[in-house]
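Enquirer: The structure follows.
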Amino acid sequence: MLLLQLLLQGLQTGALYALTAAGFALIFGATRIFHFAHGSAFTLAGYTFLLASGAGLPWWAGAAGGIAVATLFGIGMERLVYRPIQRHEGSFFTVFVAAFGVAVVVQNLVGMLAGRGFASVDTPLSRASEVLPEVFLAPVFWIALGVAAMLFAALSAFLGRHPAGVALRALAQNPDLIRTYGLSSSRLSVLAFALGSALAAPAAILAAMTSGLNEAIGHHAMLISIAATIVGGVGSLRGAALAGLMLGVAESMALAVVDTQWAEGVSFLVLFAFILFRPSGFFGVVQTR
Amino acid sequence: MTGPLLARRALLGTALAAPFIRPSFAQGGDPYVIGTLFPMSGPNAEYGKLFTDGVQLAIEHMRADNMLRRPVRLQSEDSQALPQQAVIGMTKLINVDRASWVLVGFTAVSKAVAPIADRAKVVTINGGAVGPDLERLSPYFWNVIPLAHLETRAIFPFLIRRNLKRVALIYVDDPFGDAILQLMQREFPAAGGTVAGVFSIPRAQQNFGAVAARVRQARPDAVYIASFGAQQPQIIKGLRDNGVTQPLVSYSGINIGSVLSLPEAEGLIFTSQKFDFSGGDEVTRRFAADFKARHGTDPAIYNTNYYNGTRLFALLARELERENRPVNGDTLRETLLRLREFDLVGGKASFDEHGSMTAAIQINEIRGGRMTPIAG
């Protein structure tokens, strides 16, 4: 039963990883910008929800606030940081250093304004009850899985059927072709950042209810996102989501044989294994720009 | 003629005023620098505030009582409860600020800075860390808190009496947690108990769902938590959220506001040193009354320990000033070992040859968000 319990725990964690990783993969896949500050969208969304809950606002207002803040942050990064850099130089390292700098600033601002240390939202949704002998599940488990499934279904439908979604996929494949068809690559880039950052918000809100937040949590979210993007195959949203889920399950199942401090290491062992034996990841495709 | 006349009048005036300006002369000269190396930021900042409140009140009392001839200056450095930050802070306190007395907390921090204090012969006082191996770190490293082996040993008979014989241990993966692990594995079976399982966690761990699953599988009668800082409420919440209903047990480090106010912490049992703020001696009553007047709450144990740690400096330095001897690490140590007993908060406090204060231990329970003594 321990294995089943760890598997279920892993699915819950993996669902949150999948959402965060899919957001990063969407941004990176469409724009090829290594958005290291994606973890900051996670942090900001989580703390917005936390502050709203602390202020006594209803959960839906906090959730809407979190999603709005994450989305605005993503758009702001595209407009105010990446676009000016790309206009002048746009090298990978300049973009990376700028994003890293923003991530550090956000971490410190959150620490100064909301306090340093762990913080969580006290909710009955995180209280588990015994559903099978020795197997405990909290309502938040079903919420995490349901939200993840619903958002992926919606995102897949958007990218597959909506003209803007199709254009986003085209942007990833060939930005010049986008312009030939009279579409604005800069607007599509903003859309990618808005959608990708918004995807991190539900994960952050659920993390605030379960494991809690701290001002540096964005770095962890970012590490998992990078690992999932590589394991899933660069450019593949489906791959990143699946890899995020798999990393969560691997991290949890590892506890059946190792102590907690090694659990995160297991995620990176999986990553190294993929880099060594399957560098293109689950669904990797060769990308050219 | 005007010059010599004015000089004579000034001299006469000064002589007449001399008896009334004693405090100014008494507090003249270079100040004694009391350094603090506490976590003022990061997940353990809550402790830094608790520690500093105690130090500040002690300095206020020291000044009000004109205990020392030289003034006292408080110099604070942020350790973040991390050894590497602490080493930087300690080096600055000793080499730049010329601190005469440094107050520290946290086992890993204490172990990191003790060699620096030892080389510089600067007395370093621990009032918060409880790792058992802090007892003989250095001749200049003293403890004004009973170390964990005393606290943890004290709860073993209590657990056996309550028929909580199978105990699972969740311990943080650092020198403090390792020390508790060794103590538990070595001494709990001898006391008649069984260690049902041991689960190490990293300092930054936040998600305890999987740990709770493993704890449940170990089927303990109680769960001992050996962690510190803001991680503690997360562990308690994580265990309770994930179906661990057994009594939770811990040590004095869990007595912080974020744990006391947590609904899931209700019924948690923990050890601490014994204090009676309501009765007792003048030093204790004054401390308790002034602390409440200043902060609006009763003092916590850490407030008391760091008050005592600072007051101990004043008592030793006053003794040295009376003897017209210099105040330095060697003379402070020699005076401590000569006097051994001091009037501190909680009554007469005795120090052993290693500079560790001995104290009685009590067992408390969190009831209604407050620490309630239940035994000892």
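The chains in the structure tokens are called A, B, ... from first to last as shown; in each chain the residues are counted from 1, and the ligands are counted from 1 in the order shown.
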Check every residue of chain A for an atom within 9 Å of chain B, counting only C-alpha atoms, and provide those that qualify as a count of residues only.
Expert: 39
Enquirer: Can you work out which one of B:Leu50, B:Leu337, B:Leu159, B:Ala265 has the shortest atom-to-atom distance to Gly355 of chain B, counting only C-alpha atoms?
Expert: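 Selected residue with least distance to Gly355 of chain B: B:Leu337.
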Enquirer: Can you list, as a list in words, all residues belonging to segment 112-156 of chain B that DSSP tags as helix (DSSP H, G or I)?
Expert: Ala112, Val113, Ala114, Pro115, Ile116, Ala117, Asp118, Arg119, Ala120, Pro132, Asp133, Leu134, Ala148, His149, Leu150, Glu151, Thr152, Arg153, Ala154, Ile155 and Phe156 of chain B
Enquirer: So that I have them on file, write out the residues from the current selection with N, CA and C atoms, as an mmCIF file, in the first residue's frame.
Expert:
```cif
data_model
loop_
_atom_site.group_PDB
_atom_site.id
_atom_site.type_symbol
_atom_site.label_atom_id
_atom_site.label_comp_id
_atom_site.auth_asym_id
_atom_site.auth_seq_id
_atom_site.Cartn_x
_atom_site.Cartn_y
_atom_site.Cartn_z
ATOM 1 N N ALA B 112 30.344 26.085 13.296
ATOM 2 C CA ALA B 112 31.157 26.774 12.280
ATOM 3 C C ALA B 112 31.964 27.922 12.886
ATOM 4 N N VAL B 113 31.382 28.630 13.854
ATOM 5 C CA VAL B 113 32.068 29.831 14.360
ATOM 6 C C VAL B 113 32.943 29.548 15.584
ATOM 7 N N ALA B 114 32.725 28.409 16.233
ATOM 8 C CA ALA B 114 33.480 28.125 17.453
ATOM 9 C C ALA B 114 35.004 28.142 17.233
ATOM 10 N N PRO B 115 35.524 27.575 16.134
ATOM 11 C CA PRO B 115 36.989 27.634 15.945
ATOM 12 C C PRO B 115 37.509 29.065 15.793
ATOM 13 N N ILE B 116 36.701 29.942 15.178
ATOM 14 C CA ILE B 116 37.126 31.342 15.016
ATOM 15 C C ILE B 116 37.168 32.011 16.392
ATOM 16 N N ALA B 117 36.127 31.747 17.189
ATOM 17 C CA ALA B 117 36.078 32.312 18.545
ATOM 18 C C ALA B 117 37.244 31.786 19.373
ATOM 19 N N ASP B 118 37.554 30.527 19.158
ATOM 20 C CA ASP B 118 38.633 29.888 19.916
ATOM 21 C C ASP B 118 39.978 30.538 19.603
ATOM 22 N N ARG B 119 40.234 30.754 18.315
ATOM 23 C CA ARG B 119 41.511 31.366 17.915
ATOM 24 C C ARG B 119 41.632 32.787 18.454
ATOM 25 N N ALA B 120 40.504 33.529 18.395
ATOM 26 C CA ALA B 120 40.542 34.932 18.817
ATOM 27 C C ALA B 120 40.310 35.094 20.316
ATOM 28 N N PRO B 132 23.966 18.155 21.100
ATOM 29 C CA PRO B 132 24.721 17.704 22.273
ATOM 30 C C PRO B 132 26.228 17.955 22.176
ATOM 31 N N ASP B 133 26.775 17.956 20.958
ATOM 32 C CA ASP B 133 28.221 18.129 20.837
ATOM 33 C C ASP B 133 28.652 19.598 20.947
ATOM 34 N N LEU B 134 27.752 20.475 21.327
ATOM 35 C CA LEU B 134 28.142 21.879 21.548
ATOM 36 C C LEU B 134 28.777 22.052 22.924
ATOM 37 N N ALA B 148 20.433 19.294 23.813
ATOM 38 C CA ALA B 148 19.340 18.380 23.438
ATOM 39 C C ALA B 148 19.384 17.057 24.181
ATOM 40 N N HIS B 149 20.590 16.586 24.488
ATOM 41 C CA HIS B 149 20.614 15.280 25.146
ATOM 42 C C HIS B 149 19.912 15.359 26.496
ATOM 43 N N LEU B 150 19.996 16.526 27.149
ATOM 44 C CA LEU B 150 19.308 16.679 28.435
ATOM 45 C C LEU B 150 17.793 16.759 28.225
ATOM 46 N N GLU B 151 17.396 17.516 27.182
ATOM 47 C CA GLU B 151 15.957 17.659 26.895
ATOM 48 C C GLU B 151 15.360 16.336 26.425
ATOM 49 N N THR B 152 16.052 15.705 25.474
ATOM 50 C CA THR B 152 15.479 14.493 24.873
ATOM 51 C C THR B 152 15.454 13.351 25.890
ATOM 52 N N ARG B 153 16.532 13.259 26.670
ATOM 53 C CA ARG B 153 16.558 12.221 27.709
ATOM 54 C C ARG B 153 15.397 12.409 28.682
ATOM 55 N N ALA B 154 15.084 13.672 28.982
ATOM 56 C CA ALA B 154 14.051 13.951 29.978
ATOM 57 C C ALA B 154 12.677 13.486 29.511
ATOM 58 N N ILE B 155 12.483 13.411 28.200
ATOM 59 C CA ILE B 155 11.133 13.023 27.733
ATOM 60 C C ILE B 155 10.986 11.510 27.592
ATOM 61 N N PHE B 156 12.090 10.777 27.578
ATOM 62 C CA PHE B 156 11.986 9.319 27.415
ATOM 63 C C PHE B 156 11.104 8.675 28.496
#
```
Enquirer: Which value, in Å to one decimal, gives the distance between atom CA of His354 of chain B and atom CA of Gln185 of chain B?
Expert: 25.5 Å
Enquirer: Can you tell me which residues surround segment 316-322 of chain B at a distance of at most 6 Å, considering only C-alpha atoms, apart from same-chain residues fewer than 3 positions away, and format the answer as a PyMOL selection string?
Expert: chain B and resi 68+313+325
Enquirer: Please identify all polymer residues within 12 Å of Trp59 of chain A, counting only C-alpha atoms, omitting same-chain residues fewer than 3 positions from it, and present them as a PyMOL selection string.
Expert: chain A and resi 48-56+62-66+121-123+125+205-206+208-209
Enquirer: Taking only C-alpha atoms into account, which of A:Thr94, A:Ser197, A:Gln86, A:Gln12 comes nearest Phe24 of chain A?
Expert: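 Ranked by minimum distance to Phe24 of chain A, first place goes to A:Ser197.
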Enquirer: Do you know which residues are at most 12 Å from segment 151-162 of chain A counting only C-alpha atoms, after dropping those on the same chain fewer than 5 positions away, and could you put them as a PyMOL selection string?
Expert: chain A and resi 15-16+18-23+26+30+143-146+167-172+191-192+195-196+198-203+236-242
Enquirer: Would you mind exporting C-alpha atoms of the selected residues as a PDB file, in the first residue's frame?
Expert:
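This went into out-v9.pdb:
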```pdb
ATOM      1  CA  ALA A  15       0.297  17.323 -12.061  1.00  0.00           C
ATOM      2  CA  LEU A  16       1.637  20.583 -10.616  1.00  0.00           C
ATOM      3  CA  ALA A  18       3.313  19.278 -15.554  1.00  0.00           C
ATOM      4  CA  LEU A  19       1.407  22.563 -15.521  1.00  0.00           C
ATOM      5  CA  THR A  20       4.503  24.614 -14.705  1.00  0.00           C
ATOM      6  CA  ALA A  21       6.659  22.762 -17.201  1.00  0.00           C
ATOM      7  CA  ALA A  22       4.040  23.047 -19.961  1.00  0.00           C
ATOM      8  CA  GLY A  23       3.991  26.828 -19.468  1.00  0.00           C
ATOM      9  CA  LEU A  26       5.039  26.727 -24.507  1.00  0.00           C
ATOM     10  CA  ALA A  30       7.144  29.329 -29.502  1.00  0.00           C
ATOM     11  CA  ILE A 143      -8.490  19.102  -7.844  1.00  0.00           C
ATOM     12  CA  ALA A 144      -4.849  18.971  -8.989  1.00  0.00           C
ATOM     13  CA  LEU A 145      -5.493  16.127 -11.417  1.00  0.00           C
ATOM     14  CA  GLY A 146      -8.752  17.611 -12.647  1.00  0.00           C
ATOM     15  CA  ALA A 167      -0.192  30.505 -35.488  1.00  0.00           C
ATOM     16  CA  LEU A 168       1.648  29.947 -32.191  1.00  0.00           C
ATOM     17  CA  ARG A 169       2.708  26.516 -33.382  1.00  0.00           C
ATOM     18  CA  ALA A 170       3.743  28.030 -36.684  1.00  0.00           C
ATOM     19  CA  LEU A 171       5.778  30.657 -34.827  1.00  0.00           C
ATOM     20  CA  ALA A 172       7.736  27.835 -33.231  1.00  0.00           C
ATOM     21  CA  LEU A 191       0.293  35.505 -26.362  1.00  0.00           C
ATOM     22  CA  ALA A 192       2.813  32.735 -25.706  1.00  0.00           C
ATOM     23  CA  LEU A 195      -0.593  31.686 -21.763  1.00  0.00           C
ATOM     24  CA  GLY A 196       2.613  30.098 -20.499  1.00  0.00           C
ATOM     25  CA  ALA A 198      -0.942  31.767 -16.675  1.00  0.00           C
ATOM     26  CA  LEU A 199      -0.356  27.994 -16.716  1.00  0.00           C
ATOM     27  CA  ALA A 200       2.026  28.337 -13.765  1.00  0.00           C
ATOM     28  CA  ALA A 201      -0.655  30.008 -11.625  1.00  0.00           C
ATOM     29  CA  PRO A 202      -2.921  27.004 -10.875  1.00  0.00           C
ATOM     30  CA  ALA A 203       0.136  24.987  -9.872  1.00  0.00           C
ATOM     31  CA  SER A 236       6.919  19.457 -27.297  1.00  0.00           C
ATOM     32  CA  LEU A 237       4.226  20.698 -24.948  1.00  0.00           C
ATOM     33  CA  ARG A 238       2.785  17.208 -24.571  1.00  0.00           C
ATOM     34  CA  GLY A 239       6.272  15.892 -23.803  1.00  0.00           C
ATOM     35  CA  ALA A 240       6.937  18.539 -21.154  1.00  0.00           C
ATOM     36  CA  ALA A 241       3.629  17.829 -19.451  1.00  0.00           C
ATOM     37  CA  LEU A 242       4.200  14.080 -19.487  1.00  0.00           C
TER      38      LEU A 242
END
```
